[in-house]
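One structure below.
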Amino acid sequence: MRLRVTPRYLGRLIKRRLPTSLFGRSLLIIVLPVALMQVAVTWIFFDAHWDTVTSRLSDGLAGEVAWAVEGYQDDKSPEAFAVLARRAEESLSLSIALQEGRVLPQNRRYSFFAPVDRALKRALSERLDAPFWFDTTRYPAYVDIRVQVDEGVLRVLAPRDRAFATQGHIFILWMTVATLLLTAVAILFIRNQTRAIERLAAAADAFGRGVDDTGFKPHGAREVRQAAHAFLSMKSRIQRHIEQRTALLASVSHDLRTPLTRLKLELALAPPGTRTAEMKRDLAEMEHMIDEYLAFARGEGGEAVEDVALAPLLAEVAEGAIRAGAQVRVEAPDDLTARVRPSALRRAVSNLVMNAAVHGETVEVVARRLPSGGVEIAVDDDGPGIPAAQYEDAFKAFNRLDEARNQNIKGVGLGLAIARDVARGHGGEVLLDRSPLGGLRAAIRLPA
């Protein structure tokens, strides 16, 4: 079966091989045209100029060698040969010697630049009728040319610049240096621009995790600075909204707690009875619901981030759950730390632990370091668990996964929602799974 290569397939193949980063793509946009231009210029230079000059020089040298051979053939006397050699040395810078009884060598070394040998071989073949041999690699400054004559071999040593253009490598060197220099300049400028984008992305990510990067300032290209200013404006509006919401909730909390306190005082002074006990229970539930609502809406955004040892924090959460009647076991390395907001993380873990204690008899809290460098805090229980299809529904605010919504269970369905909000505020997530104890596992995963 033949694979049909279509332009769309080639486009996808090339796209998969291209760099994925902005730095790599920008560098490719600049360097690739420069490199192609240098290659084209080099090709044109060698094809149209260097090859032409080399061919003409080779033709000229081949003509001088043919003149020397003809001069020797006309008069083979030692006196005439001496005059011929002297004239060739003085006028043409050719060194001519007669090697009597010799024959041409059988092997020959080839030059790295094949056009050099081709041009000289073609020129000598056109000018000479006798067998010849030449070597352009043996001597750095000369070309060795030998012609077979009746008495032996007529050897001619000619300067290399008489056979071909010797400055071609200089041109290639300068082209290479220019390409490397342009590439280095492009890397410096592109890196400076992409660094500004990377800092903007880092500041946005830090703000999403509740960390205020006060050292971030717009810099870079005009468009990047515009994006940075837009980010700072958005950040200010979000912070102002959070502050206004927190102040509003604080006022609501104060206004609601005042009548609740008066009612509690009146009930405390009222004669004891069944209705009084029920009213006290209703007031306690109302107070708990108000605390849950305020905690969910307010969050812990104003708390500073710091390095926290997880073992003491989890032990403190477990003690609170044990006092409430739960059976909690904690397992965490003493040297395990995480950069978090302590109160927020404590509240998130406490919500998970208390939720597990409500639905199960045994609760296990295990903290460990992830291979990626992050931290996982897993809370397991031996309760009935939750079907996998309802995992996402469990995170919805005010959802307790009971259809009648009339269970006489303390809580308003905000425990998992608050835990996920805290985890995402740290750049992490809360994941639900089946627990090894048979119930539900709720794991808080925090990034490195």
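Within each chain, counting starts at residue 1; across the structure tokens, chains are named A, B, ... in the order shown, with ligands numbered 1 upward in that order.
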*asked:* From a backbone DSSP assignment, name each residue in segment 223-333 of chain A labelled alpha helix (DSSP H), as an NGL selection string.
replied: :A and (223-269 or 274-298 or 310-323)
*Based on DSSP run over this structure's backbone, return all residues of segment 293-440 of chain A in strand (DSSP E or B), as a count of residues only.*
35
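Within the 9 Å cut-off around Pro436 of chain A, using only C-alpha atoms and omitting residues fewer than 3 positions from it on the same chain, the listed residues are Asp380, Asp381, Asp382, Gly439, Leu440 and Arg441 of chain A.
The nearest approach to Val211 of chain A among the residues A:Ala304, A:Ala284, A:Val353, A:Leu154, with only C-alpha atoms taken into account, belongs to A:Ala304.
Compared by their closest atoms to Asp291 of chain A, and using only C-alpha atoms, the residues A:Leu310, A:Ala82, A:Met279, A:Ala250 rank with A:Ala250 nearest.
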Mind checking which residues fall within 12 Å of segment 49-63 of chain A, counting only C-alpha atoms, ignoring those fewer than 4 positions away in the same chain, and posting them as a JSON list (two decimals) with N, CA and C atoms, in the first residue's frame?
[["chain", "number", "residue", "atom", "x", "y", "z"],
["A", 41, "VAL", "N", 23.87, 33.25, -1.85],
["A", 41, "VAL", "CA", 24.98, 34.10, -2.26],
["A", 41, "VAL", "C", 26.24, 33.27, -2.48],
["A", 42, "THR", "N", 26.50, 32.32, -1.57],
["A", 42, "THR", "CA", 27.67, 31.46, -1.72],
["A", 42, "THR", "C", 27.58, 30.63, -2.99],
["A", 43, "TRP", "N", 26.40, 30.09, -3.25],
["A", 43, "TRP", "CA", 26.22, 29.29, -4.46],
["A", 43, "TRP", "C", 26.44, 30.14, -5.72],
["A", 44, "ILE", "N", 25.86, 31.33, -5.71],
["A", 44, "ILE", "CA", 26.03, 32.21, -6.87],
["A", 44, "ILE", "C", 27.50, 32.59, -7.04],
["A", 45, "PHE", "N", 28.18, 32.84, -5.92],
["A", 45, "PHE", "CA", 29.59, 33.22, -5.99],
["A", 45, "PHE", "C", 30.42, 32.10, -6.60],
["A", 67, "TRP", "N", 53.09, 25.43, -23.74],
["A", 67, "TRP", "CA", 54.21, 26.19, -24.37],
["A", 67, "TRP", "C", 55.56, 25.60, -23.97],
["A", 68, "ALA", "N", 55.68, 25.24, -22.66],
["A", 68, "ALA", "CA", 56.94, 24.66, -22.20],
["A", 68, "ALA", "C", 57.18, 23.30, -22.84],
["A", 69, "VAL", "N", 56.16, 22.48, -22.95],
["A", 69, "VAL", "CA", 56.33, 21.16, -23.56],
["A", 69, "VAL", "C", 56.69, 21.30, -25.03],
["A", 70, "GLU", "N", 56.03, 22.19, -25.75],
["A", 70, "GLU", "CA", 56.35, 22.39, -27.16],
["A", 70, "GLU", "C", 57.76, 22.94, -27.35],
["A", 88, "ALA", "N", 61.04, 30.47, -18.28],
["A", 88, "ALA", "CA", 59.80, 30.12, -17.57],
["A", 88, "ALA", "C", 59.85, 30.59, -16.12],
["A", 92, "LEU", "N", 57.25, 33.50, -16.06],
["A", 92, "LEU", "CA", 55.99, 32.85, -15.71],
["A", 92, "LEU", "C", 55.98, 32.27, -14.30],
["A", 93, "SER", "N", 57.09, 32.38, -13.57],
["A", 93, "SER", "CA", 57.20, 31.82, -12.21],
["A", 93, "SER", "C", 56.94, 30.33, -12.19],
["A", 94, "LEU", "N", 57.37, 29.64, -13.27],
["A", 94, "LEU", "CA", 57.23, 28.20, -13.37],
["A", 94, "LEU", "C", 58.58, 27.54, -13.15],
["A", 113, "PHE", "N", 38.09, 20.61, -2.81],
["A", 113, "PHE", "CA", 37.20, 21.31, -3.72],
["A", 113, "PHE", "C", 37.32, 20.65, -5.09],
["A", 114, "ALA", "N", 36.36, 19.80, -5.41],
["A", 114, "ALA", "CA", 36.41, 19.07, -6.68],
["A", 114, "ALA", "C", 36.47, 19.98, -7.90],
["A", 115, "PRO", "N", 35.81, 21.16, -7.92],
["A", 115, "PRO", "CA", 35.90, 22.02, -9.11],
["A", 115, "PRO", "C", 37.33, 22.41, -9.48],
["A", 116, "VAL", "N", 38.25, 22.47, -8.50],
["A", 116, "VAL", "CA", 39.64, 22.81, -8.79],
["A", 116, "VAL", "C", 40.25, 21.77, -9.70],
["A", 117, "ASP", "N", 40.14, 20.50, -9.34],
["A", 117, "ASP", "CA", 40.71, 19.43, -10.15],
["A", 117, "ASP", "C", 40.02, 19.31, -11.49],
["A", 118, "ARG", "N", 38.69, 19.48, -11.51],
["A", 118, "ARG", "CA", 37.96, 19.37, -12.77],
["A", 118, "ARG", "C", 38.40, 20.44, -13.76],
["A", 119, "ALA", "N", 38.52, 21.67, -13.26],
["A", 119, "ALA", "CA", 38.89, 22.77, -14.16],
["A", 119, "ALA", "C", 40.30, 22.57, -14.72],
["A", 120, "LEU", "N", 41.26, 22.18, -13.86],
["A", 120, "LEU", "CA", 42.63, 22.00, -14.33],
["A", 120, "LEU", "C", 42.74, 20.80, -15.26],
["A", 121, "LYS", "N", 42.04, 19.72, -14.96],
["A", 121, "LYS", "CA", 42.07, 18.54, -15.82],
["A", 121, "LYS", "C", 41.49, 18.84, -17.20],
["A", 122, "ARG", "N", 40.39, 19.58, -17.22],
["A", 122, "ARG", "CA", 39.78, 19.94, -18.50],
["A", 122, "ARG", "C", 40.70, 20.83, -19.32],
["A", 123, "ALA", "N", 41.34, 21.80, -18.66],
["A", 123, "ALA", "CA", 42.23, 22.70, -19.39],
["A", 123, "ALA", "C", 43.46, 21.97, -19.93],
["A", 124, "LEU", "N", 44.08, 21.08, -19.12],
["A", 124, "LEU", "CA", 45.25, 20.34, -19.59],
["A", 124, "LEU", "C", 44.88, 19.36, -20.70],
["A", 125, "SER", "N", 43.70, 18.78, -20.62],
["A", 125, "SER", "CA", 43.28, 17.84, -21.67],
["A", 125, "SER", "C", 43.10, 18.56, -23.00],
["A", 126, "GLU", "N", 42.63, 19.81, -22.95],
["A", 126, "GLU", "CA", 42.44, 20.56, -24.19],
["A", 126, "GLU", "C", 43.75, 21.05, -24.78],
["A", 127, "ARG", "N", 44.76, 21.30, -23.94],
["A", 127, "ARG", "CA", 46.01, 21.90, -24.42],
["A", 127, "ARG", "C", 47.12, 20.87, -24.71],
["A", 128, "LEU", "N", 47.08, 19.73, -24.05],
["A", 128, "LEU", "CA", 48.16, 18.76, -24.18],
["A", 128, "LEU", "C", 47.68, 17.52, -24.92],
["A", 129, "ASP", "N", 48.56, 16.99, -25.78],
["A", 129, "ASP", "CA", 48.28, 15.72, -26.46],
["A", 129, "ASP", "C", 48.96, 14.56, -25.74],
["A", 132, "PHE", "N", 49.46, 13.16, -19.02],
["A", 132, "PHE", "CA", 49.86, 14.08, -17.97],
["A", 132, "PHE", "C", 49.31, 13.59, -16.63],
["A", 134, "PHE", "N", 48.74, 15.41, -12.45],
["A", 134, "PHE", "CA", 48.90, 16.61, -11.62],
["A", 134, "PHE", "C", 48.39, 16.32, -10.21],
["A", 136, "THR", "N", 47.19, 18.73, -6.76],
["A", 136, "THR", "CA", 46.97, 20.07, -6.19],
["A", 136, "THR", "C", 47.00, 20.06, -4.66],
["A", 143, "VAL", "N", 51.35, 23.76, -7.40],
["A", 143, "VAL", "CA", 50.64, 22.70, -8.08],
["A", 143, "VAL", "C", 51.66, 21.90, -8.87],
["A", 144, "ASP", "N", 51.67, 20.60, -8.68],
["A", 144, "ASP", "CA", 52.64, 19.72, -9.32],
["A", 144, "ASP", "C", 52.01, 19.14, -10.59],
["A", 145, "ILE", "N", 52.59, 19.50, -11.75],
["A", 145, "ILE", "CA", 52.09, 19.03, -13.04],
["A", 145, "ILE", "C", 53.20, 18.27, -13.74],
["A", 146, "ARG", "N", 52.93, 17.06, -14.23],
["A", 146, "ARG", "CA", 53.93, 16.23, -14.90],
["A", 146, "ARG", "C", 53.38, 15.76, -16.24],
["A", 147, "VAL", "N", 54.25, 15.88, -17.27],
["A", 147, "VAL", "CA", 53.87, 15.51, -18.64],
["A", 147, "VAL", "C", 54.85, 14.44, -19.13],
["A", 156, "VAL", "N", 56.55, 20.30, -13.94],
["A", 156, "VAL", "CA", 56.34, 21.75, -13.83],
["A", 156, "VAL", "C", 55.70, 22.03, -12.47],
["A", 157, "LEU", "N", 56.35, 22.89, -11.68],
["A", 157, "LEU", "CA", 55.79, 23.36, -10.41],
["A", 157, "LEU", "C", 55.31, 24.79, -10.60],
["A", 158, "ALA", "N", 54.00, 25.00, -10.42],
["A", 158, "ALA", "CA", 53.40, 26.32, -10.63],
["A", 158, "ALA", "C", 52.79, 26.81, -9.33],
["A", 159, "PRO", "N", 52.84, 28.12, -9.08],
["A", 159, "PRO", "CA", 52.18, 28.67, -7.89],
["A", 159, "PRO", "C", 50.67, 28.35, -7.91],
["A", 160, "ARG", "N", 50.12, 28.11, -6.74],
["A", 160, "ARG", "CA", 48.71, 27.73, -6.67],
["A", 160, "ARG", "C", 47.80, 28.83, -7.19],
["A", 161, "ASP", "N", 48.18, 30.10, -6.94],
["A", 161, "ASP", "CA", 47.31, 31.18, -7.41],
["A", 161, "ASP", "C", 47.34, 31.34, -8.92],
["A", 162, "ARG", "N", 48.23, 30.60, -9.60],
["A", 162, "ARG", "CA", 48.23, 30.61, -11.06],
["A", 162, "ARG", "C", 47.24, 29.59, -11.62],
["A", 163, "ALA", "N", 46.78, 28.65, -10.74],
["A", 163, "ALA", "CA", 45.89, 27.59, -11.20],
["A", 163, "ALA", "C", 44.42, 27.86, -10.86],
["A", 164, "PHE", "N", 44.19, 28.49, -9.73],
["A", 164, "PHE", "CA", 42.80, 28.74, -9.34],
["A", 164, "PHE", "C", 42.77, 29.86, -8.32],
["A", 165, "ALA", "N", 41.57, 30.42, -8.09],
["A", 165, "ALA", "CA", 41.39, 31.50, -7.13],
["A", 165, "ALA", "C", 41.55, 30.95, -5.72],
["A", 166, "THR", "N", 42.56, 31.43, -5.02],
["A", 166, "THR", "CA", 42.87, 30.88, -3.69],
["A", 166, "THR", "C", 42.14, 31.60, -2.56],
["A", 167, "GLN", "N", 41.35, 32.62, -2.84],
["A", 167, "GLN", "CA", 40.67, 33.37, -1.78],
["A", 167, "GLN", "C", 39.22, 32.94, -1.57],
["A", 168, "GLY", "N", 38.83, 31.84, -2.18],
["A", 168, "GLY", "CA", 37.45, 31.38, -2.02],
["A", 168, "GLY", "C", 37.13, 31.01, -0.58],
["A", 169, "HIS", "N", 38.08, 30.38, 0.11],
["A", 169, "HIS", "CA", 37.82, 30.00, 1.49],
["A", 169, "HIS", "C", 37.67, 31.22, 2.40],
["A", 170, "ILE", "N", 38.37, 32.32, 2.04],
["A", 170, "ILE", "CA", 38.22, 33.55, 2.82],
["A", 170, "ILE", "C", 36.79, 34.07, 2.71],
["A", 171, "PHE", "N", 36.25, 33.99, 1.50],
["A", 171, "PHE", "CA", 34.87, 34.43, 1.30],
["A", 171, "PHE", "C", 33.92, 33.57, 2.13],
["A", 172, "ILE", "N", 34.11, 32.26, 2.13],
["A", 172, "ILE", "CA", 33.25, 31.37, 2.91],
["A", 172, "ILE", "C", 33.40, 31.67, 4.40]]
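Of the residues under consideration (A:Ala309, A:Ala85, A:Ile418, A:Val379), A:Ile418 shows the shortest atom-to-atom contact distance to Lys396 of chain A when counting only C-alpha atoms.
Of the listed residues A:Gly152, A:Gly438, A:Pro140, A:Pro342, the one whose atoms come nearest to Leu104 of chain A is A:Gly152, with distances taken using only C-alpha atoms.
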*Select, from A:Glu100, A:Glu376, A:Glu287, A:Glu361, the residue with the minimum atom-to-atom distance to Gly325 of chain A, counting only C-alpha atoms.*
A:Glu361
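Distances to Phe23 of chain A were evaluated for A:Trp174, A:Tyr139, A:Phe189, A:Trp133 using only C-alpha atoms, and the minimum falls at A:Phe189.
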_segment 222-235 of chain A surroundings by only C-alpha atoms, 10 Å radius, close-in-sequence under 3 positions cut, as a PyMOL selection string_ = chain A and resi 193-194+196-197+199-201+203-204+207-208+212+216-219+238-241
*Tell me, as a list of chain:residue names, which residues lie within 7 Å of Val422 of chain A, counting only C-alpha atoms; anything in the same chain fewer than 3 positions away does not count.*
A:Ala344, A:Leu345, A:Ala348, A:Ile418, A:Ala419, A:Gly425, A:His426
For the residues in that selection, give me N, CA, C and O atoms as an mmCIF file, in the first residue's frame.
data_model
loop_
_atom_site.group_PDB
_atom_site.id
_atom_site.type_symbol
_atom_site.label_atom_id
_atom_site.label_comp_id
_atom_site.auth_asym_id
_atom_site.auth_seq_id
_atom_site.Cartn_x
_atom_site.Cartn_y
_atom_site.Cartn_z
ATOM 1 N N ALA A 344 -5.404 29.067 55.360
ATOM 2 C CA ALA A 344 -6.244 28.569 54.263
ATOM 3 C C ALA A 344 -6.080 27.074 54.096
ATOM 4 O O ALA A 344 -7.070 26.328 53.973
ATOM 5 N N LEU A 345 -4.832 26.584 54.099
ATOM 6 C CA LEU A 345 -4.617 25.151 53.936
ATOM 7 C C LEU A 345 -5.171 24.382 55.134
ATOM 8 O O LEU A 345 -5.747 23.298 54.972
ATOM 9 N N ALA A 348 -8.845 24.043 54.618
ATOM 10 C CA ALA A 348 -9.187 23.095 53.555
ATOM 11 C C ALA A 348 -9.040 21.657 54.036
ATOM 12 O O ALA A 348 -9.931 20.819 53.832
ATOM 13 N N ILE A 418 -14.934 24.676 49.370
ATOM 14 C CA ILE A 418 -13.913 25.527 49.993
ATOM 15 C C ILE A 418 -12.533 24.919 49.802
ATOM 16 O O ILE A 418 -11.554 25.622 49.496
ATOM 17 N N ALA A 419 -12.418 23.585 49.960
ATOM 18 C CA ALA A 419 -11.126 22.922 49.786
ATOM 19 C C ALA A 419 -10.599 23.101 48.370
ATOM 20 O O ALA A 419 -9.414 23.396 48.165
ATOM 21 N N GLY A 425 -6.372 28.239 44.623
ATOM 22 C CA GLY A 425 -5.718 29.493 44.970
ATOM 23 C C GLY A 425 -4.215 29.323 45.152
ATOM 24 O O GLY A 425 -3.460 30.290 45.027
ATOM 25 N N HIS A 426 -3.764 28.113 45.433
ATOM 26 C CA HIS A 426 -2.337 27.805 45.523
ATOM 27 C C HIS A 426 -1.776 27.266 44.209
ATOM 28 O O HIS A 426 -0.608 26.859 44.152
#
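Taking atom CA of Ser350 of chain A and atom CA of Gly385 of chain A as the two end points, the separation is 18.1 Å.
Separating atom CA of Ala40 of chain A from atom CA of Ala184 of chain A is a distance of 20.8 Å.
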*Spatial neighbours of Arg368 of chain A, 7 Å, only C-alpha atoms, chain gap at least 4 places, as number ranges by chain*: A: 332, 375-377
Emit the selected residues as a JSON list (two decimals), in the first residue's frame, including N, CA and C atoms.
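Here's the written file selection-v3.json:
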[["chain", "number", "residue", "atom", "x", "y", "z"],
["A", 332, "ALA", "N", 2.97, 11.85, 58.02],
["A", 332, "ALA", "CA", 3.63, 12.90, 57.24],
["A", 332, "ALA", "C", 5.10, 12.98, 57.66],
["A", 375, "VAL", "N", 3.40, 18.54, 46.33],
["A", 375, "VAL", "CA", 3.00, 17.88, 47.58],
["A", 375, "VAL", "C", 1.56, 17.39, 47.43],
["A", 376, "GLU", "N", 1.29, 16.20, 47.98],
["A", 376, "GLU", "CA", -0.07, 15.65, 48.00],
["A", 376, "GLU", "C", -0.46, 15.35, 49.43],
["A", 377, "ILE", "N", -1.66, 15.82, 49.81],
["A", 377, "ILE", "CA", -2.24, 15.52, 51.12],
["A", 377, "ILE", "C", -3.52, 14.73, 50.86]]
